[in-house]
Every structure is written in C-alpha cells, then in structure tokens.
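> You'll find entry30.txt just under this line, and it carries compact mmCIF, C-alpha atoms.
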# COMPACT_ATOMS: atom_id res chain seq x y z
CA MET A 72 99.95 78.54 95.19
CA ILE A 73 102.31 81.43 95.62
CA ASP A 74 99.44 83.85 96.16
CA ASN A 75 98.16 81.63 98.87
CA ASN A 76 101.53 81.61 100.49
CA TYR A 77 101.63 85.38 100.75
CA LYS A 78 98.16 85.64 102.07
CA ILE A 79 98.68 83.22 104.89
CA ASN A 80 101.89 84.81 106.01
CA LEU A 81 100.42 88.24 106.02
CA GLU A 82 97.71 87.03 108.29
CA ASN A 83 100.51 86.21 110.63
CA PHE A 84 101.47 89.89 110.78
CA GLN A 85 98.06 90.66 112.25
CA GLY A 86 97.69 93.84 110.27
CA PRO A 87 98.75 97.47 110.70
CA MET A 88 97.54 97.80 114.29
CA ASP A 89 99.74 94.94 115.38
CA LEU A 90 102.68 96.45 113.57
CA LEU A 91 102.19 99.83 115.27
CA LEU A 92 101.90 98.11 118.63
CA TYR A 93 105.09 96.22 117.81
CA PHE A 94 106.98 99.49 117.25
CA ILE A 95 105.52 101.02 120.40
CA LYS A 96 106.58 98.07 122.51
CA ARG A 97 109.96 97.71 120.87
CA ASP A 98 110.91 101.33 121.48
CA ARG A 99 108.99 101.60 124.74
CA ILE A 100 107.05 104.51 123.38
CA ASP A 101 104.60 106.42 125.55
CA ILE A 102 101.37 105.65 123.81
CA TYR A 103 99.92 109.05 124.75
CA ASP A 104 102.82 110.89 123.17
CA ILE A 105 103.68 108.99 120.03
CA PRO A 106 106.63 110.40 118.06
CA ILE A 107 104.59 110.26 114.90
CA SER A 108 107.43 111.09 112.55
CA LYS A 109 109.56 108.19 113.78
CA ILE A 110 106.68 105.74 113.79
CA ALA A 111 105.68 106.79 110.28
CA ASN A 112 109.25 106.26 109.08
CA ASP A 113 109.52 102.83 110.67
CA TYR A 114 106.17 101.92 109.23
CA LEU A 115 107.05 103.03 105.72
CA GLU A 116 110.37 101.26 105.95
CA TYR A 117 108.53 98.08 106.73
CA ILE A 118 106.19 98.53 103.78
CA SER A 119 109.02 99.18 101.37
CA MET A 120 110.81 96.16 102.73
CA MET A 121 107.80 93.99 102.00
CA GLU A 122 107.62 95.47 98.53
CA MET A 123 111.28 94.77 98.00
CA LEU A 124 110.69 91.14 98.88
CA ASP A 125 107.86 91.29 96.38
CA ILE A 126 105.31 90.45 99.03
CA ASP A 127 101.93 91.88 98.27
CA ILE A 128 100.92 93.85 101.33
CA GLY A 129 97.26 94.32 101.98
CA ALA A 130 95.30 97.49 101.38
CA GLU A 131 95.00 97.87 105.16
CA PHE A 132 98.72 98.47 105.43
CA ILE A 133 98.70 101.08 102.70
CA TYR A 134 95.69 102.77 104.25
CA MET A 135 97.43 103.04 107.60
CA SER A 136 100.48 104.60 106.01
CA THR A 137 98.32 107.37 104.59
CA VAL A 138 96.75 107.87 108.01
CA LEU A 139 100.20 108.18 109.56
CA LEU A 140 101.42 110.59 106.93
CA GLN A 141 98.30 112.68 107.31
CA ILE A 142 98.82 112.95 111.05
CA LYS A 143 102.47 113.75 110.50
CA ALA A 144 101.53 116.55 108.14
CA ARG A 145 98.98 117.95 110.55
CA MET A 146 101.54 117.90 113.35
CA LEU A 147 103.80 120.10 111.28
CA LEU A 148 101.18 122.79 110.87
CA PRO A 149 101.03 125.52 113.48
CA LYS A 150 98.51 124.69 116.17
CA VAL A 151 95.07 125.84 115.19
CA MET A 152 92.96 127.45 117.85
CA GLY A 153 89.25 126.93 117.96
CA GLU A 154 86.84 129.83 117.98
CA ASP A 155 86.70 129.90 121.74
CA GLY A 156 90.46 129.99 121.98
CA GLU A 157 90.64 126.31 122.92
CA GLU A 158 93.29 124.27 121.27
CA ILE A 159 91.93 121.94 118.62
CA GLU A 160 92.34 118.28 119.42
CA ASP A 161 95.72 116.62 118.93
CA PRO A 162 95.70 114.98 115.48
CA ARG A 163 96.97 111.76 117.08
CA VAL A 164 93.94 111.25 119.31
CA ASP A 165 91.97 108.94 117.03
CA LEU A 166 94.97 106.77 116.36
CA VAL A 167 95.81 106.53 120.06
CA HIS A 168 92.26 105.41 120.82
CA ARG A 169 92.42 102.77 118.15
CA ILE A 170 95.76 101.46 119.33
CA LEU A 171 94.57 101.33 122.92
CA ASP A 172 91.42 99.53 121.88
CA TYR A 173 93.40 97.03 119.88
CA LYS A 174 95.79 96.55 122.77
CA ARG A 175 92.92 95.75 125.12
CA PHE A 176 91.75 92.93 122.92
CA LYS A 177 95.27 91.78 122.30
CA ASN A 178 95.58 91.38 126.07
CA ALA A 179 92.28 89.53 126.13
CA SER A 180 93.47 87.25 123.39
CA LYS A 181 96.67 86.49 125.29
CA ASP A 182 94.66 85.67 128.37
CA LEU A 183 92.30 83.47 126.40
CA ASP A 184 95.29 81.79 124.84
CA SER A 185 96.82 80.87 128.19
CA GLN A 186 93.43 79.70 129.40
CA TYR A 187 93.27 77.46 126.35
CA GLU A 188 96.84 76.24 126.74
CA SER A 189 96.12 75.16 130.28
CA HIS A 190 92.72 73.65 129.59
CA LYS A 191 93.77 71.77 126.50
CA LYS A 192 95.90 69.51 128.66
CA LYS A 193 92.76 68.18 130.28
CA PHE A 194 90.83 65.63 128.28
CA SER A 195 87.24 64.58 128.51
CA LYS A 196 86.00 61.23 127.39
CA GLY A 197 86.20 60.83 123.64
CA MET A 198 87.55 64.35 123.20
CA ASN A 199 89.60 63.10 120.30
CA MET A 200 86.52 62.30 118.27
CA LYS A 201 85.25 65.83 118.26
CA TYR A 202 88.01 67.83 116.69
CA ASP A 203 89.45 66.55 113.48
CA PRO A 204 92.90 67.81 112.79
CA SER A 205 92.19 70.50 110.28
CA GLN A 206 93.93 70.94 107.00
CA ASP A 207 93.53 74.65 107.42
CA ILE A 208 96.96 76.10 107.12
CA SER A 209 96.37 79.40 108.80
CA LEU A 210 95.94 77.58 112.08
CA TYR A 211 99.31 75.92 111.83
CA VAL A 212 101.72 78.73 111.14
CA SER A 213 104.58 78.71 113.58
CA GLU A 214 104.69 81.85 115.62
CA ASP A 215 107.85 81.40 117.60
CA VAL A 216 109.31 84.34 115.79
CA LYS A 217 107.36 87.17 114.34
CA LEU A 218 107.53 86.99 110.61
CA PHE A 219 108.52 90.62 110.63
CA ASP A 220 111.83 89.66 112.20
CA LEU A 221 112.37 86.91 109.70
CA ALA A 222 111.73 89.27 106.82
CA ARG A 223 114.00 91.86 108.38
CA THR A 224 116.82 89.36 108.64
CA PHE A 225 116.42 88.56 104.98
CA LYS A 226 116.47 92.20 104.11
CA ASN A 227 119.78 92.57 105.94
CA ILE A 228 121.15 89.58 104.06
CA LEU A 229 120.01 90.98 100.73
CA GLU A 230 121.54 94.35 101.48
CA ALA A 231 124.81 92.71 102.45
CA LEU A 232 125.11 90.99 99.08
CA PRO A 233 127.50 92.70 96.65
CA GLU A 234 125.80 94.92 94.10
CA ASN A 235 127.41 93.38 91.03
CA ASN A 236 125.58 90.22 91.84
CA GLU A 237 122.41 91.36 90.16
CA LEU A 238 121.16 89.41 87.23
CA ASP A 239 117.53 89.56 88.02
CA LEU A 240 116.47 89.05 84.44
CA VAL A 241 117.21 85.37 84.72
CA VAL A 242 113.65 84.35 85.36
CA ASP A 243 112.84 81.16 87.21
CA GLN A 244 116.37 79.93 87.24
CA ILE A 245 115.84 78.92 90.81
CA ARG A 246 112.47 77.66 91.77
CA VAL A 247 110.97 77.60 95.25
CA LYS A 248 110.44 73.88 94.81
CA ASP A 249 114.16 73.36 94.25
CA GLN A 250 114.98 75.40 97.31
CA ILE A 251 112.68 73.24 99.41
CA VAL A 252 114.47 70.15 98.15
CA TYR A 253 117.76 71.82 98.98
CA ILE A 254 116.69 72.75 102.52
CA ASN A 255 115.39 69.24 103.08
CA GLN A 256 118.76 67.86 102.00
CA VAL A 257 120.58 70.07 104.46
CA LEU A 258 118.13 69.08 107.19
CA ASP A 259 118.46 65.38 106.44
CA ASP A 260 122.17 65.86 106.61
CA LYS A 261 122.48 67.93 109.74
CA GLY A 262 119.03 68.03 111.30
CA GLU A 263 119.32 71.79 111.81
CA PHE A 264 121.19 74.79 110.49
CA MET A 265 121.70 78.50 110.86
CA LEU A 266 120.18 80.47 108.04
CA THR A 267 123.29 82.42 107.12
CA SER A 268 125.28 79.21 106.72
CA LEU A 269 123.42 78.63 103.45
CA ILE A 270 124.26 82.04 102.06
CA THR A 271 127.64 83.14 100.82
CA LYS A 272 128.89 86.28 99.13
CA GLU A 273 128.46 84.45 95.83
CA SER A 274 124.78 83.70 96.41
CA SER A 275 122.56 85.50 93.93
CA ARG A 276 119.61 87.58 95.03
CA ILE A 277 117.22 85.24 93.35
CA PHE A 278 118.77 82.38 95.32
CA VAL A 279 118.25 84.20 98.61
CA VAL A 280 114.70 85.26 97.77
CA GLY A 281 113.94 81.70 96.68
CA LEU A 282 115.32 80.47 99.98
CA PHE A 283 113.14 82.91 101.87
CA LEU A 284 109.99 81.82 100.04
CA ALA A 285 110.90 78.17 100.50
CA ILE A 286 111.31 78.70 104.24
CA LEU A 287 107.97 80.49 104.43
CA GLU A 288 106.31 77.64 102.61
CA MET A 289 107.89 75.02 104.84
CA ILE A 290 106.86 76.90 107.96
CA ARG A 291 103.34 77.06 106.61
CA ASP A 292 103.30 73.33 106.01
CA ASN A 293 104.63 72.86 109.52
CA ASN A 294 107.70 71.00 108.26
CA ILE A 295 110.26 73.22 109.89
CA LYS A 296 110.40 75.59 112.81
CA PHE A 297 112.54 78.61 113.24
CA GLU A 298 113.93 80.33 116.28
CA GLN A 299 115.76 83.54 116.73
CA THR A 300 117.68 84.41 119.85
CA LYS A 301 117.17 88.11 119.41
CA THR A 302 115.58 90.43 116.91
CA PHE A 303 117.32 90.53 113.52
CA SER A 304 119.90 87.97 114.58
CA ASP A 305 120.64 84.83 112.63
CA ILE A 306 117.82 82.33 112.41
CA HIS A 307 118.03 78.79 113.62
CA ILE A 308 116.04 76.34 111.52
CA SER A 309 115.20 72.79 112.49
CA LYS A 310 112.92 69.99 111.48
CA VAL A 311 109.54 69.60 113.08
CA THR A 312 109.50 66.24 114.76
CA LYS A 313 106.17 64.67 114.05
CA MET B 88 71.00 52.06 143.56
CA ASN B 89 73.47 54.57 144.86
CA VAL B 90 72.92 58.03 143.27
CA LYS B 91 76.61 58.77 143.33
CA ASN B 92 77.31 55.65 141.29
CA ILE B 93 74.62 56.61 138.79
CA ILE B 94 76.10 60.05 138.35
CA GLU B 95 79.57 58.61 138.03
CA VAL B 96 78.51 56.27 135.22
CA LEU B 97 76.72 59.16 133.52
CA PHE B 98 80.00 61.03 133.50
CA HIS B 99 81.69 57.99 132.04
CA SER B 100 79.13 57.72 129.29
CA THR B 101 79.29 61.22 127.83
CA SER B 102 81.89 63.76 126.87
CA SER B 103 79.50 66.72 126.96
CA PRO B 104 79.08 68.64 130.18
CA LEU B 105 76.38 67.04 132.34
CA THR B 106 73.75 69.49 133.56
CA GLN B 107 71.29 69.48 136.43
CA LYS B 108 68.58 69.21 133.79
CA ASP B 109 70.14 66.03 132.40
CA LEU B 110 70.21 64.55 135.87
CA ASN B 111 66.59 65.46 136.58
CA HIS B 112 65.62 63.82 133.35
CA VAL B 113 67.55 60.64 134.11
CA LEU B 114 66.32 60.30 137.69
CA GLY B 115 62.79 61.42 136.96
CA ASP B 116 62.77 63.98 139.76
CA ASN B 117 64.71 67.03 140.87
CA LYS B 118 65.58 66.15 144.45
CA ILE B 119 69.27 65.42 143.90
CA LYS B 120 71.61 68.39 143.54
CA LEU B 121 74.30 67.58 141.02
CA GLU B 122 76.62 70.17 142.50
CA ASP B 123 76.66 68.42 145.89
CA ILE B 124 77.34 64.99 144.44
CA VAL B 125 80.11 66.39 142.23
CA GLU B 126 81.70 67.88 145.30
CA ASP B 127 81.57 64.46 146.98
CA ILE B 128 83.07 62.67 144.00
CA ASN B 129 85.84 65.25 143.60
CA GLU B 130 86.73 64.91 147.26
CA GLU B 131 86.87 61.15 146.89
CA TYR B 132 89.08 61.44 143.80
CA GLU B 133 91.32 63.92 145.56
CA ASN B 134 91.72 61.72 148.62
CA SER B 135 92.54 58.63 146.63
CA GLY B 136 94.93 60.57 144.37
CA LYS B 137 93.10 59.85 141.13
CA GLY B 138 94.04 61.43 137.80
CA LEU B 139 90.50 62.65 137.25
CA VAL B 140 88.61 65.74 138.25
CA ILE B 141 85.11 67.09 137.55
CA GLU B 142 85.02 70.74 136.50
CA LYS B 143 82.24 73.23 135.98
CA ILE B 144 82.23 73.99 132.29
CA SER B 145 79.77 75.56 129.89
CA GLY B 146 76.93 75.48 132.37
CA GLY B 147 77.38 71.83 133.35
CA TYR B 148 79.92 69.45 134.82
CA GLN B 149 82.54 67.55 132.90
CA LEU B 150 84.81 64.72 133.90
CA LEU B 151 88.35 65.55 132.85
CA SER B 152 91.78 64.10 133.14
CA LYS B 153 94.15 66.21 135.20
CA LYS B 154 96.62 68.44 133.36
CA GLU B 155 99.71 66.56 134.46
CA TYR B 156 98.66 63.45 132.53
CA HIS B 157 98.33 65.11 129.12
CA PHE B 158 101.58 63.61 127.89
CA TYR B 159 100.24 60.06 128.06
CA ILE B 160 96.93 60.92 126.46
CA GLU B 161 98.60 62.77 123.61
CA LYS B 162 100.85 59.79 123.07
CA LEU B 163 97.84 57.53 122.74
CA LEU B 164 95.88 59.94 120.56
CA LYS B 165 98.78 61.32 118.60
CA GLU B 166 96.81 61.97 115.44
CA THR B 167 93.99 63.75 117.19
CA LYS B 168 95.38 66.72 119.04
CA LYS B 169 93.17 69.63 119.89
CA PRO B 170 93.13 72.48 117.39
CA ARG B 171 95.83 75.12 117.38
CA PHE B 172 94.79 78.71 116.95
CA SER B 173 96.69 81.32 115.00
CA SER B 174 96.89 84.68 116.75
CA ALA B 175 94.48 86.02 114.13
CA ALA B 176 91.96 83.40 115.22
CA MET B 177 92.61 84.04 118.90
CA GLU B 178 92.27 87.81 118.49
CA THR B 179 89.02 87.48 116.58
CA LEU B 180 87.68 84.98 119.05
CA SER B 181 88.40 87.24 122.01
CA ILE B 182 86.78 90.24 120.34
CA ILE B 183 83.68 88.14 119.72
CA ALA B 184 83.75 86.70 123.24
CA TYR B 185 83.88 90.15 124.84
CA LYS B 186 81.75 92.20 122.49
CA GLN B 187 79.10 89.76 121.41
CA PRO B 188 76.86 90.07 119.57
CA VAL B 189 79.26 91.80 117.21
CA THR B 190 79.45 92.42 113.46
CA ARG B 191 82.34 91.67 111.17
CA ILE B 192 82.83 95.41 110.56
CA GLU B 193 83.30 96.05 114.29
CA ILE B 194 85.81 93.22 114.52
CA GLU B 195 87.73 94.54 111.55
CA HIS B 196 87.71 98.06 112.90
CA ILE B 197 89.45 96.89 116.06
CA ARG B 198 91.89 94.55 114.33
CA GLY B 199 92.51 96.93 111.45
CA VAL B 200 92.51 94.04 109.04
CA ASP B 201 90.14 91.94 106.96
CA SER B 202 88.79 89.17 109.16
CA SER B 203 86.31 87.35 106.94
CA GLY B 204 88.56 84.31 106.48
CA VAL B 205 89.17 83.91 110.19
CA ILE B 206 85.48 84.32 110.96
CA LYS B 207 84.57 81.65 108.44
CA ASN B 208 87.13 79.36 110.00
CA LEU B 209 85.75 79.85 113.49
CA LEU B 210 82.23 79.29 112.16
CA ASP B 211 83.31 76.05 110.49
CA LYS B 212 84.92 74.91 113.72
CA GLY B 213 81.70 75.58 115.60
CA LEU B 214 83.32 78.02 118.03
CA ILE B 215 81.17 80.93 116.94
CA ALA B 216 77.70 81.15 115.47
CA ILE B 217 75.49 83.72 113.80
CA LYS B 218 73.12 85.30 116.27
CA GLY B 219 70.99 87.23 113.86
CA ARG B 220 71.19 90.54 112.10
CA ASP B 221 72.06 93.99 113.27
CA GLU B 222 68.91 96.14 113.30
CA ASN B 223 70.86 99.13 112.03
CA LEU B 224 71.46 100.11 108.45
CA GLY B 225 73.01 97.32 106.42
CA ARG B 226 71.59 94.59 108.65
CA ALA B 227 75.00 93.00 109.08
CA LEU B 228 75.30 89.51 110.56
CA LEU B 229 75.96 89.35 114.29
CA TYR B 230 78.33 86.81 115.74
CA LYS B 231 78.43 85.17 119.16
CA THR B 232 80.45 82.42 120.79
CA THR B 233 78.99 78.91 121.17
CA PRO B 234 78.83 76.47 124.09
CA MET B 235 81.57 74.56 122.31
CA PHE B 236 83.83 77.57 122.73
CA LEU B 237 83.24 77.49 126.48
CA GLU B 238 83.85 73.76 126.54
CA LEU B 239 87.04 73.87 124.53
CA PHE B 240 88.45 76.70 126.64
CA GLY B 241 87.21 75.28 129.94
CA ILE B 242 85.04 78.25 130.84
CA ASP B 243 81.83 77.85 132.80
CA SER B 244 80.13 81.02 131.63
CA LEU B 245 81.06 84.20 129.76
CA LYS B 246 80.61 86.05 133.05
CA ASP B 247 83.70 84.25 134.32
CA LEU B 248 85.97 85.97 131.81
CA PRO B 249 88.09 88.68 133.43
CA THR B 250 87.00 92.16 132.32
CA LEU B 251 89.11 94.05 129.80
CA GLU B 252 89.97 96.59 132.50
CA GLU B 253 91.18 93.86 134.84
CA LEU B 254 93.28 92.39 132.08
CA THR B 255 94.84 95.71 131.17
CA GLU B 256 95.86 96.29 134.77
CA LEU B 257 97.15 92.76 135.06
CA MET B 258 99.19 92.86 131.87
CA GLU B 259 100.51 96.41 132.36
CA GLU B 260 101.97 95.53 135.76
CA GLY B 261 104.17 92.84 134.38
CA SER B 262 104.75 94.18 130.91
CA GLN B 263 107.19 97.01 131.64
CA SER B 264 109.92 94.61 132.57
CA THR B 265 109.00 91.87 130.14
CA VAL B 266 108.79 93.72 126.86
CA ILE B 267 110.86 91.15 125.03
CA GLN B 268 108.95 88.26 126.44
CA ASP B 269 105.80 89.93 125.23
CA GLU B 270 106.84 89.61 121.64
CA ASN B 271 106.88 85.86 121.71
Would you write out, as structure tokens, the structure that this file holds?


Amino acid sequence: MIDNNYKINLENFQGPMDLLLYFIKRDRIDIYDIPISKIANDYLEYISMMEMLDIDIGAEFIYMSTVLLQIKARMLLPKVMGEDGEEIEDPRVDLVHRILDYKRFKNASKDLDSQYESHKKKFSKGMNMKYDPSQDISLYVSEDVKLFDLARTFKNILEALPENNELDLVVDQIRVKDQIVYINQVLDDKGEFMLTSLITKESSRIFVVGLFLAILEMIRDNNIKFEQTKTFSDIHISKVTK
Amino acid sequence: MNVKNIIEVLFHSTSSPLTQKDLNHVLGDNKIKLEDIVEDINEEYENSGKGLVIEKISGGYQLLSKKEYHFYIEKLLKETKKPRFSSAAMETLSIIAYKQPVTRIEIEHIRGVDSSGVIKNLLDKGLIAIKGRDENLGRALLYKTTPMFLELFGIDSLKDLPTLEELTELMEEGSQSTVIQDEN
C-alpha cells in the first residue's frame, strides 16, 4: 500500500529531466551555459530532502546525480586541449542535448494536452460508452501544484519544528489512516483549511510526516485538492466536489 | 431518397468517424463525395444555429456537439467522463506520436525515467499499439499511436500535428514572460 503510494507520486515528478528543467526555468538559466555547480547542489538538495521524508527515489534520480557530479568534476579540471590544439568538447554538451530534447517533447505534450482539453468538450454519439472511468490511480493525480513544492513546504515545516521534539523511536504511534480520518474531520468541519493551521510547535515530527503521507494518499484517491499561491508558500487544501 | 438525409442518419447511427469508403459501401457506388455533403450539412447547421458540427477526424467525419455545450452533456453523463491523463502519460504519448514507430528504450532515454507502466496503461486504453519489432539488436517492440488516439484528441491525421520545431518557436516566444504560468 505504502510502496504503491510512493511509486505513484514519484511518477508525478516526471523524473530527473523534469527536475532539471524545473530548476532551469525557475532560475531562468541559460540552457547553453548551465551553472553546473549550482544545479548539482539544488539537485542533491532535492534528493536528500526526499530521503529525509523517507521517500524512495528511483534509480534514475541517483544516476542523474552521479552524471551531474561527474560533469562538475570535469569542469574543475584545467581545460584539456586535443592533439590538434582544439579545445575538447564542453563536458556539459551531452546533458544540454538531452535537456533540449526532453524540452521539445515536453512542449509537444503541452500542445497535445491543450488539443485534448479543447476536443474533450465535444462529444460524439455514445462517446460515454467507449471510455470506462478507469480505476488507474496514476491518471488521477492532481497536478495543480508540483509535488516538489508540496514536499518542499513540508521540509520547511519539519525544519521549523523545535529539535527537542524528536522521539522518533515511537513507532507507529500515529498511523496514516488516523491522519486521513483527522483530515476528513477538519474538512467536514470547515470544508477547507490551510496546511499550517494543523501544525503547531508542539506537533511531533511523526505527526507531520503522517500528515504529509495522508495528504499524498488523499490526493491520489482524488478526495482532496491542493493549491499553492506561490512556490513554498502555505498550501490550501479543500475537498474534491464529486 | 435524399442523399443528404441518408448521410445525416448515418452520422446519427454511429459514433465512429464515417469515411468515404463507408459511404460508398452504403450507397453501392462512389459518385457522392462525402466531403461536399458534409460541407453542406455544416453550413445548414451553422445557419440555423445548431449545437452540432461535423469535423474531420482520424481519416473520416464525425458528428460532434459543439464545445460550448459540454457542461450539459457532462451533467447528463456524470459518471462517464473522458479519461484524464497524467503528465507522464501525456509525455509518453507525445513522444510516441512524434517518433513512431519507437521503442520503450528510446522513450525512456528522452524522459529519463522508467516508462513501462505508462506504456502498459496506454496500451490497455487502446491509444497506442505494438507495430512490430525493431530489426536491430535486441528486437525491441515498436510502438505507434492508434486511430482511437486521433479520435480522442480530435486529430485528422498525424501529419496535422505541428512539428517540434514549430512548437519550440511557439512556446519560446511566450515562455520568457510566463515562466510561472509554465509550471502549472
């Protein structure tokens, strides 16, 4: 169950290429002159954040971090000249090509998406008979906010908690199931809430992590949706009206 | 009997795109051009302000409700909405649409991430199909999009997709000022 949860949410990250593209867009980086050291740091920070949240990141993410570190190391070496005095290729070239290639298809997928969004409002006769609503969860993950931002917000919350609060040896004191019940109670009560309103200085880490996992699970099941006004800001959670 | 009426009832009787071949079969000859009649019907619908339109899709013609009426249809068919695609599915689908026939390895190289689950999903949904095997070493399976993909996305033919170069130009123009919007 839990394993499943992780897997689905990671699919939502779209892999290392998407993450690199995210950094490049966020910092408006010139793709032909990538500050490899900064990107590598951001990337590793992300990976350690995922590890801290105990989310099993895929081998692809680890592989990319070694690629980045390798390029970083090669950038530090004095420039090697080829036999004919020509400068040997920039170590970033392969990566740049891959990112550009990915970006091209990302554009194509956005275009296809808007084509779909517009066409899906037109119905042919008996259209409803053809496509059964699928139980497949990966098709139903809310993407209003990148999961990266959600995770980052949680990381900030965790870091803001006082240190003496740690009693991580208490295993399973708070279960994800209980947290879902709790969130549902709050939602029944108020209909919506801001994430930080559930967390106080007294909240234990395990409580916060449980809350995070519960929210992920509820997003996956399409029971709640979340919105964020800007990156890393507080998260607004509301019920999905069905 | 009036040919236009015949064609109109044919449209009413099927949800699949109607092709010239279908019409030839029904009428027993190939004198009537479907395209011309469709043009006539569309003009008639347009003039009388109907909520229907015939569009060229997946190599044939399909009678569709106009966009602006989707709210009412969805209200009636509330349990049977069209599928939603995750961005993983959309990414994979566009790679296949543009590079077909394409192997899983090629898809994964571009996306940088395991795509077997998404591919299986798209296969199950009938949006892609196996075209055969790569003749190179490993004889990997090759994937292509299906007519159902065209139908679901409202595309007449793969040739109608904008090229990747066109898209890059298009998206780059607007993207500098809309970086934040891009993330959504």

> Go through chain B residue by residue and, counting only C-alpha atoms, keep those with an atom at most 6 Å from chain A; for each kept residue give the shortest atom pair and its distance in Å to one decimal, ordered by chain and increasing number, as a tab-separated table.


residue	atom	partner	partner_atom	distance
B:Ser102	CA	A:Lys196	CA	4.9
B:Leu150	CA	A:Ser195	CA	5.9
B:Leu151	CA	A:Ser195	CA	4.6
B:Ser152	CA	A:Lys193	CA	5.1
B:Lys153	CA	A:Lys193	CA	5.5
B:Lys154	CA	A:Lys192	CA	4.9
B:His157	CA	A:Lys192	CA	5.0
B:Thr167	CA	A:Asn199	CA	5.4
B:Arg171	CA	A:Leu210	CA	5.8
B:Phe172	CA	A:Leu210	CA	5.1
B:Ser173	CA	A:Leu210	CA	4.8
B:Met177	CA	A:Ser180	CA	5.6
B:Glu178	CA	A:Ser180	CA	5.1
B:Ser181	CA	A:Ser180	CA	5.3
B:Ile197	CA	A:Tyr173	CA	5.5
B:Gly199	CA	A:Met88	CA	5.8
B:Val200	CA	A:Gly86	CA	5.3
B:Phe240	CA	A:Tyr187	CA	4.9
B:Gly241	CA	A:His190	CA	5.8

> Using all atoms listed in the file, which residues sit within 12 Å of segment 109-114 of chain B once same-chain residues fewer than 3 positions away are excluded, as a CSV table (one decimal) with C-alpha atoms, in the coordinates of the input?


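Result went into part_37.csv, see below:
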chain,number,residue,atom,x,y,z
B,88,MET,CA,71.0,52.1,143.6
B,89,ASN,CA,73.5,54.6,144.9
B,90,VAL,CA,72.9,58.0,143.3
B,91,LYS,CA,76.6,58.8,143.3
B,93,ILE,CA,74.6,56.6,138.8
B,94,ILE,CA,76.1,60.0,138.4
B,95,GLU,CA,79.6,58.6,138.0
B,96,VAL,CA,78.5,56.3,135.2
B,97,LEU,CA,76.7,59.2,133.5
B,98,PHE,CA,80.0,61.0,133.5
B,101,THR,CA,79.3,61.2,127.8
B,103,SER,CA,79.5,66.7,127.0
B,104,PRO,CA,79.1,68.6,130.2
B,105,LEU,CA,76.4,67.0,132.3
B,106,THR,CA,73.8,69.5,133.6
B,117,ASN,CA,64.7,67.0,140.9
B,118,LYS,CA,65.6,66.2,144.4
B,119,ILE,CA,69.3,65.4,143.9
B,120,LYS,CA,71.6,68.4,143.5
B,121,LEU,CA,74.3,67.6,141.0
B,122,GLU,CA,76.6,70.2,142.5
B,124,ILE,CA,77.3,65.0,144.4
B,125,VAL,CA,80.1,66.4,142.2
B,146,GLY,CA,76.9,75.5,132.4
B,147,GLY,CA,77.4,71.8,133.4
B,148,TYR,CA,79.9,69.4,134.8

> Would you work out the distance separating atom CA of Ala216 of chain B from atom CA of Gln107 of chain B, expressed in Å to one decimal?

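Interatomic distance, atom CA of Ala216 of chain B to atom CA of Gln107 of chain B: 24.8 Å.
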
> Residues near Leu115 of chain A, anyone? I mean within 12 Å using all atoms listed in the file, not counting same-chain ones fewer than 3 positions away, as a PyMOL selection string.

chain A and resi 87+90-91+107-112+118-122+128+132-140

> Go ahead and compute the interatomic distance for atom CA of Lys218 of chain B and atom CA of Glu252 of chain B, in Å to one decimal.

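That distance, rounded to one decimal, is 26.0 Å.
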
> Please, what distance in Å, to one decimal, runs between atom CA of Val252 of chain A and atom CA of Thr271 of chain A?

18.7 Å

> Near Ala222 of chain A, counting all atoms listed in the file, which residues have an atom at most 10 Å away, once you skip same-chain residues fewer than 5 positions from it, shown as a list in words?

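Residues meeting the cut-off are Tyr117, Met120, Met121, Leu124, Lys217, Asn227, Ile228, Phe283, Leu287 and Phe303 of chain A.
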
> I'd like the contact shell of Leu209 of chain B - 10 Å cut-off, only C-alpha atoms, skipping same-chain residues fewer than 5 positions apart - returned as a list of chain:residue names.

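Here the qualifying residues turn out to be B:Phe172, B:Ala176, B:Met177, B:Thr179, B:Leu180, B:Ser203, B:Gly204, B:Leu214, B:Ile215, B:Ala216, B:Thr232, B:Phe236.
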
> Go through A:Ile306, A:Ile105, A:Met289, A:Ile100 and flag the residue nearest Lys248 of chain A, using all atoms listed in the file for the distances.

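Answer, going by the shortest atom-to-atom distance: A:Met289.
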
> Within 10 Å of Arg145 of chain A, counting only C-alpha atoms, which residues show up once you throw out same-chain ones fewer than 5 positions away? Write them as a ChimeraX atom specification, please.

/A:139-140,150-151,161-163

> Write a file of the selected residues as a short mmCIF file (atom, residue, chain, number, x, y, z; two decimals), in the frame of the given file, keeping C-alpha atoms.


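After the write, part.cif holds the following:
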data_model
loop_
_atom_site.label_atom_id
_atom_site.label_comp_id
_atom_site.auth_asym_id
_atom_site.auth_seq_id
_atom_site.Cartn_x
_atom_site.Cartn_y
_atom_site.Cartn_z
CA LEU A 139 100.20 108.18 109.56
CA LEU A 140 101.42 110.59 106.93
CA LYS A 150 98.51 124.69 116.17
CA VAL A 151 95.07 125.84 115.19
CA ASP A 161 95.72 116.62 118.93
CA PRO A 162 95.70 114.98 115.48
CA ARG A 163 96.97 111.76 117.08
#

> Compute the distance from (116.8, 84.5, 97.5) to each atom, counting only C-alpha atoms, keep the residues with any atom at most 12 Å away, and return them as an NGL selection string; use the coordinates of the file.

:A and (123-125 or 222 or 225-226 or 228-230 or 232 or 236-237 or 239 or 243-247 or 249-250 or 266-267 or 269-271 or 273-287)
